[in-house]
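Raw contents of upload_18.cif, mmCIF, C-alpha atoms:
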data_start
#
loop_
_atom_site.group_PDB
_atom_site.id
_atom_site.type_symbol
_atom_site.label_atom_id
_atom_site.label_comp_id
_atom_site.auth_asym_id
_atom_site.auth_seq_id
_atom_site.Cartn_x
_atom_site.Cartn_y
_atom_site.Cartn_z
ATOM 1 C CA MET R 1 21.801 0.318 -17.665
ATOM 2 C CA MET R 2 20.548 0.167 -14.069
ATOM 3 C CA CYS R 3 23.154 -2.256 -12.742
ATOM 4 C CA GLY R 4 26.079 -0.011 -13.621
ATOM 5 C CA THR R 5 24.850 3.230 -12.105
ATOM 6 C CA ASP R 6 26.523 4.862 -9.132
ATOM 7 C CA LYS R 7 24.619 6.128 -6.083
ATOM 8 C CA GLU R 8 24.159 9.630 -7.475
ATOM 9 C CA ASP R 9 22.813 8.375 -10.806
ATOM 10 C CA ALA R 10 20.663 5.817 -8.991
ATOM 11 C CA GLY R 11 19.141 8.603 -6.893
ATOM 12 C CA LEU R 12 18.353 10.667 -9.983
ATOM 13 C CA LEU R 13 16.847 7.637 -11.712
ATOM 14 C CA LEU R 14 14.758 6.842 -8.654
ATOM 15 C CA ALA R 15 13.482 10.423 -8.416
ATOM 16 C CA ALA R 16 12.571 10.327 -12.107
ATOM 17 C CA VAL R 17 10.687 7.034 -11.790
ATOM 18 C CA ILE R 18 8.766 8.282 -8.742
ATOM 19 C CA HIS R 19 7.897 11.521 -10.550
ATOM 20 C CA TYR R 20 6.767 9.587 -13.637
ATOM 21 C CA THR R 21 4.736 7.158 -11.510
ATOM 22 C CA ASN R 22 2.954 10.001 -9.766
ATOM 23 C CA ALA R 23 2.262 11.727 -13.089
ATOM 24 C CA CYS R 24 0.818 8.652 -14.815
ATOM 25 C CA PRO R 25 -2.949 8.697 -15.264
ATOM 26 C CA LEU R 26 -4.788 6.422 -12.840
ATOM 27 C CA ALA R 27 -6.033 4.138 -15.602
ATOM 28 C CA SER R 28 -2.653 3.690 -17.325
ATOM 29 C CA ALA R 29 -0.720 0.446 -17.444
ATOM 30 C CA SER R 30 2.407 2.446 -16.609
ATOM 31 C CA LYS R 31 1.001 3.223 -13.143
ATOM 32 C CA ALA R 32 1.010 -0.491 -12.266
ATOM 33 C CA LEU R 33 4.362 -1.182 -13.942
ATOM 34 C CA CYS R 34 6.170 1.658 -12.172
ATOM 35 C CA THR R 35 4.581 0.749 -8.846
ATOM 36 C CA ARG R 36 5.873 -2.810 -9.217
ATOM 37 C CA PHE R 37 9.350 -1.514 -10.076
ATOM 38 C CA LEU R 38 9.447 0.734 -7.005
ATOM 39 C CA THR R 39 8.218 -2.158 -4.880
ATOM 40 C CA LYS R 40 11.170 -4.244 -6.099
ATOM 41 C CA VAL R 41 13.544 -1.423 -5.225
ATOM 42 C CA ILE R 42 12.115 -1.289 -1.708
ATOM 43 C CA GLU R 43 12.288 -5.059 -1.378
ATOM 44 C CA THR R 44 15.903 -5.305 -2.491
ATOM 45 C CA GLN R 45 17.146 -2.420 -0.347
ATOM 46 C CA TRP R 46 15.174 -2.683 2.903
ATOM 47 C CA SER R 47 14.003 -6.262 3.152
ATOM 48 C CA ARG R 48 14.434 -8.002 6.497
ATOM 49 C CA SER R 49 15.539 -11.110 4.619
ATOM 50 C CA PRO R 50 18.121 -11.112 1.816
ATOM 51 C CA VAL R 51 16.881 -10.796 -1.736
ATOM 52 C CA SER R 52 19.140 -11.898 -4.556
ATOM 53 C CA LEU R 53 18.399 -9.418 -7.301
ATOM 54 C CA LYS R 54 21.073 -7.250 -8.848
ATOM 55 C CA MET R 55 20.116 -3.585 -8.610
ATOM 56 C CA PRO R 56 21.988 -0.372 -8.081
ATOM 57 C CA ASP R 57 22.511 0.809 -4.529
ATOM 58 C CA PHE R 58 19.534 2.946 -3.585
ATOM 59 C CA SER R 59 20.431 2.895 0.107
ATOM 60 C CA THR R 60 21.236 6.590 0.483
ATOM 61 C CA GLN R 61 19.215 8.691 2.921
ATOM 62 C CA GLU R 62 17.917 10.725 -0.007
ATOM 63 C CA ALA R 63 16.638 7.610 -1.788
ATOM 64 C CA ARG R 64 15.121 6.290 1.423
ATOM 65 C CA GLY R 65 13.346 9.625 1.911
ATOM 66 C CA LEU R 66 12.008 9.623 -1.636
ATOM 67 C CA LEU R 67 10.683 6.085 -1.311
ATOM 68 C CA ALA R 68 9.233 6.706 2.157
ATOM 69 C CA LYS R 69 7.386 9.775 0.847
ATOM 70 C CA TRP R 70 6.103 7.769 -2.112
ATOM 71 C CA ALA R 71 5.020 4.926 0.196
ATOM 72 C CA ALA R 72 3.165 7.364 2.460
ATOM 73 C CA GLY R 73 0.953 8.297 -0.493
ATOM 74 C CA LEU R 74 0.035 4.721 -1.401
ATOM 75 C CA PRO R 75 -3.174 4.490 0.691
ATOM 76 C CA LYS R 76 -4.445 7.670 -0.972
ATOM 77 C CA LEU R 77 -3.501 6.294 -4.393
ATOM 78 C CA LEU R 78 -5.315 3.037 -3.641
ATOM 79 C CA TRP R 79 -8.379 5.068 -2.621
ATOM 80 C CA GLN R 80 -8.186 7.130 -5.840
ATOM 81 C CA LEU R 81 -7.777 4.068 -8.034
ATOM 82 C CA ARG R 82 -10.877 2.399 -6.600
ATOM 83 C CA ASN R 83 -11.732 -0.184 -9.248
ATOM 84 C CA GLN R 84 -10.693 1.948 -12.252
ATOM 85 C CA ASN R 85 -7.408 0.102 -12.745
ATOM 86 C CA ILE R 86 -7.452 -3.276 -11.027
ATOM 87 C CA ASP R 87 -3.866 -4.061 -12.056
ATOM 88 C CA ALA R 88 -2.575 -0.844 -10.502
ATOM 89 C CA SER R 89 -4.766 -1.315 -7.405
ATOM 90 C CA MET R 90 -3.289 -4.775 -6.940
ATOM 91 C CA ALA R 91 0.258 -3.443 -7.444
ATOM 92 C CA VAL R 92 -0.332 -0.713 -4.832
ATOM 93 C CA SER R 93 -1.879 -3.108 -2.320
ATOM 94 C CA GLU R 94 1.019 -5.552 -2.816
ATOM 95 C CA ALA R 95 3.504 -2.717 -2.286
ATOM 96 C CA LEU R 96 1.775 -1.755 0.962
ATOM 97 C CA ARG R 97 1.755 -5.370 2.114
ATOM 98 C CA LEU R 98 5.472 -5.720 1.396
ATOM 99 C CA ILE R 99 6.266 -2.487 3.222
ATOM 100 C CA HIS R 100 4.302 -3.599 6.281
ATOM 101 C CA GLN R 101 5.329 -7.236 6.239
ATOM 102 C CA ARG R 102 8.927 -7.509 5.167
ATOM 103 C CA THR R 103 10.769 -4.203 5.076
ATOM 104 C CA GLU R 104 12.287 -1.668 7.390
ATOM 105 C CA LEU R 105 11.718 1.300 5.091
ATOM 106 C CA LEU R 106 9.338 3.211 7.359
ATOM 107 C CA ASP R 107 9.628 4.205 10.993
ATOM 108 C CA SER R 108 6.745 3.814 13.460
ATOM 109 C CA THR R 109 5.437 7.342 12.848
ATOM 110 C CA ALA R 110 5.232 6.754 9.094
ATOM 111 C CA ARG R 111 3.527 3.389 9.662
ATOM 112 C CA ALA R 112 0.918 5.118 11.839
ATOM 113 C CA GLY R 113 0.298 7.546 8.981
ATOM 114 C CA LEU R 114 -0.241 4.625 6.621
ATOM 115 C CA GLN R 115 -2.827 3.180 9.002
ATOM 116 C CA ALA R 116 -4.750 6.454 9.006
ATOM 117 C CA GLY R 117 -4.778 6.323 5.215
ATOM 118 C CA LEU R 118 -5.888 2.698 5.216
ATOM 119 C CA ALA R 119 -8.880 3.559 7.411
ATOM 120 C CA THR R 120 -10.266 5.744 4.621
ATOM 121 C CA LEU R 121 -10.486 2.676 2.381
ATOM 122 C CA PHE R 122 -13.191 1.379 4.702
ATOM 123 C CA CYS R 123 -14.999 4.522 5.919
ATOM 124 C CA VAL R 124 -14.576 7.931 7.497
ATOM 125 C CA ASN R 125 -16.887 10.037 9.634
ATOM 126 C CA VAL R 126 -17.392 13.420 7.972
ATOM 127 C CA PRO R 127 -19.106 15.833 10.394
ATOM 128 C CA GLU R 128 -21.402 17.394 7.769
ATOM 129 C CA ARG R 129 -22.277 14.121 6.038
ATOM 130 C CA GLY R 130 -21.891 11.328 8.570
ATOM 131 C CA ILE R 131 -20.267 8.039 7.593
ATOM 132 C CA VAL R 132 -18.774 8.026 4.094
ATOM 133 C CA TYR R 133 -17.746 4.595 2.861
ATOM 134 C CA GLY R 134 -14.471 4.088 1.061
ATOM 135 C CA PRO R 135 -13.771 1.908 -1.965
ATOM 136 C CA PHE R 136 -13.013 -1.335 -0.079
ATOM 137 C CA LYS R 137 -16.290 -2.959 -1.155
ATOM 138 C CA GLN R 138 -15.605 -2.080 -4.810
ATOM 139 C CA TYR R 139 -12.356 -4.059 -4.901
ATOM 140 C CA PRO R 140 -12.319 -7.649 -6.100
ATOM 141 C CA PRO R 141 -11.788 -10.257 -3.344
ATOM 142 C CA ASP R 142 -8.031 -10.639 -3.965
ATOM 143 C CA ILE R 143 -7.427 -6.930 -3.335
ATOM 144 C CA GLN R 144 -9.770 -6.968 -0.326
ATOM 145 C CA ARG R 145 -7.770 -9.859 1.098
ATOM 146 C CA THR R 146 -4.466 -8.067 0.482
ATOM 147 C CA VAL R 147 -5.750 -4.919 2.212
ATOM 148 C CA LEU R 148 -6.758 -7.010 5.229
ATOM 149 C CA GLU R 149 -3.325 -8.681 5.221
ATOM 150 C CA ILE R 150 -1.758 -5.215 5.366
ATOM 151 C CA VAL R 151 -3.825 -4.479 8.465
ATOM 152 C CA SER R 152 -2.827 -7.788 10.030
ATOM 153 C CA HIS R 153 0.877 -7.015 9.498
ATOM 154 C CA SER R 154 0.592 -3.693 11.301
ATOM 155 C CA THR R 155 2.399 -4.120 14.593
ATOM 156 C CA VAL R 156 -0.577 -2.706 16.464
ATOM 157 C CA PRO R 157 -3.510 -1.701 14.255
ATOM 158 C CA SER R 158 -4.900 1.647 15.366
ATOM 159 C CA LYS R 159 -8.260 1.837 17.073
ATOM 160 C CA THR R 160 -9.467 4.144 14.276
ATOM 161 C CA LEU R 161 -8.531 1.601 11.608
ATOM 162 C CA LEU R 162 -10.189 -1.307 13.412
ATOM 163 C CA GLN R 163 -13.348 0.749 14.003
ATOM 164 C CA ALA R 164 -13.467 1.742 10.326
ATOM 165 C CA ILE R 165 -13.298 -1.922 9.319
ATOM 166 C CA GLN R 166 -16.024 -2.883 11.789
ATOM 167 C CA VAL R 167 -18.351 -0.074 10.653
ATOM 168 C CA CYS R 168 -17.753 -0.917 6.996
ATOM 169 C CA PHE R 169 -18.413 -4.615 7.564
ATOM 170 C CA ALA R 170 -21.517 -3.968 9.680
ATOM 171 C CA GLU R 171 -23.111 -1.728 7.062
ATOM 172 C CA ASN R 172 -21.895 -3.557 3.955
ATOM 173 C CA PRO R 173 -20.972 -7.133 4.877
ATOM 174 C CA PRO R 174 -18.277 -8.494 2.559
ATOM 175 C CA ALA R 175 -18.410 -11.874 0.894
ATOM 176 C CA ASP R 176 -18.262 -14.762 3.365
ATOM 177 C CA GLN R 177 -14.686 -15.692 2.437
ATOM 178 C CA ILE R 178 -13.466 -12.146 3.148
ATOM 179 C CA ARG R 179 -15.494 -11.856 6.357
ATOM 180 C CA VAL R 180 -14.119 -15.175 7.659
ATOM 181 C CA PHE R 181 -10.569 -14.164 6.684
ATOM 182 C CA ALA R 182 -10.972 -10.832 8.495
ATOM 183 C CA GLU R 183 -12.261 -12.603 11.596
ATOM 184 C CA GLU R 184 -9.286 -14.981 11.545
ATOM 185 C CA ILE R 185 -6.542 -12.414 11.110
ATOM 186 C CA LEU R 186 -8.044 -9.678 13.260
ATOM 187 C CA GLY R 187 -9.157 -12.036 16.021
ATOM 188 C CA TRP R 188 -12.840 -11.051 16.003
#

Could the structure of this file be written out as structure tokens, please?
Amino acid sequence: MMCGTDKEDAGLLLAAVIHYTNACPLASASKALCTRFLTKVIETQWSRSPVSLKMPDFSTQEARGLLAKWAAGLPKLLWQLRNQNIDASMAVSEALRLIHQRTELLDSTARAGLQAGLATLFCVNVPERGIVYGPFKQYPPDIQRTVLEIVSHSTVPSKTLLQAIQVCFAENPPADQIRVFAEEILGW
């Protein structure tokens, strides 16, 4: 069905999948499945290196806008998922890694917005409450590693993001393997 659709039908299908993905409960298996599908769409359309997978042409500006908007919400989704749905959390973190590492889907402004969202996974300073720690420590090591890889693939990680990681690690040191990995990739 998908391979024979024209650009207009592909755009409608994409909008429907994004809407369904956003509407899925956090704990549902569909959340992870749809996230993986949208990640494949992004990979096939905006990868810096060719991908040989037959898909409809989602390369319209409208489709790019829909996917960019969806991608911008991924850090918040990862924060909301916490450790409620490990499969979906892994799918979201892999999507973010792909977007940062191998695609040209987002411009520099959108990437900066993603970094701000990633900082909340570690901690934020709330004036009335002080430091509030994000869900990073609740993730299993493979998701923690993927989140750190996302940071390492940022062209220039923001000062806010790096400070959030340092504060989080100082207060709640991660497992040795994650701490060593963070030191290696972030040059600490």

Please provide the set of residues having any atom within 6 Å of stretch 81-87 of chain R, restricted to all atoms listed in the file, with same-chain residues fewer than 4 positions apart removed, written as a list in words. Ala27, Pro135 and Tyr139 of chain R

For R:Ile99, the nearest of the candidates R:Lys137, R:Asp176, R:Glu149, R:Leu26, counting all atoms listed in the file: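 Closest to R:Ile99, using all atoms listed in the file: R:Glu149.
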
Pick from R:Thr35, R:Ser154, R:Ser30, R:Asn172: nearest to R:Tyr133, with all atoms listed in the file counted?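 Between R:Thr35, R:Ser154, R:Ser30, R:Asn172, the residue approaching R:Tyr133 most closely is R:Asn172.
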
With all atoms listed in the file as the atoms that count, which of R:Ser152, R:Ile131, R:Trp79, R:Ala68 lies nearest to R:Leu118?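 Ranking R:Ser152, R:Ile131, R:Trp79, R:Ala68 by distance to R:Leu118, first place goes to R:Trp79.
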
Can you pull out every residue within 9 Å of R:Glu94, counting all atoms listed in the file, but drop anything in the same chain fewer than 6 positions away, and send it as a CSV table (one decimal) with C-alpha atoms, in the frame of the given file?
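result05.csv written:
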chain,number,residue,atom,x,y,z
R,36,ARG,CA,5.9,-2.8,-9.2
R,39,THR,CA,8.2,-2.2,-4.9
R,143,ILE,CA,-7.4,-6.9,-3.3
R,146,THR,CA,-4.5,-8.1,0.5
R,147,VAL,CA,-5.8,-4.9,2.2
R,150,ILE,CA,-1.8,-5.2,5.4

Contacts of stretch 155-170 of chain R at 10 Å (all atoms listed in the file; same-chain gap of 3+ positions) as a PyMOL selection string: chain R and resi 100-101+108+111-112+115-125+131-134+136-137+148+150-152+173-175+179+182+186+188
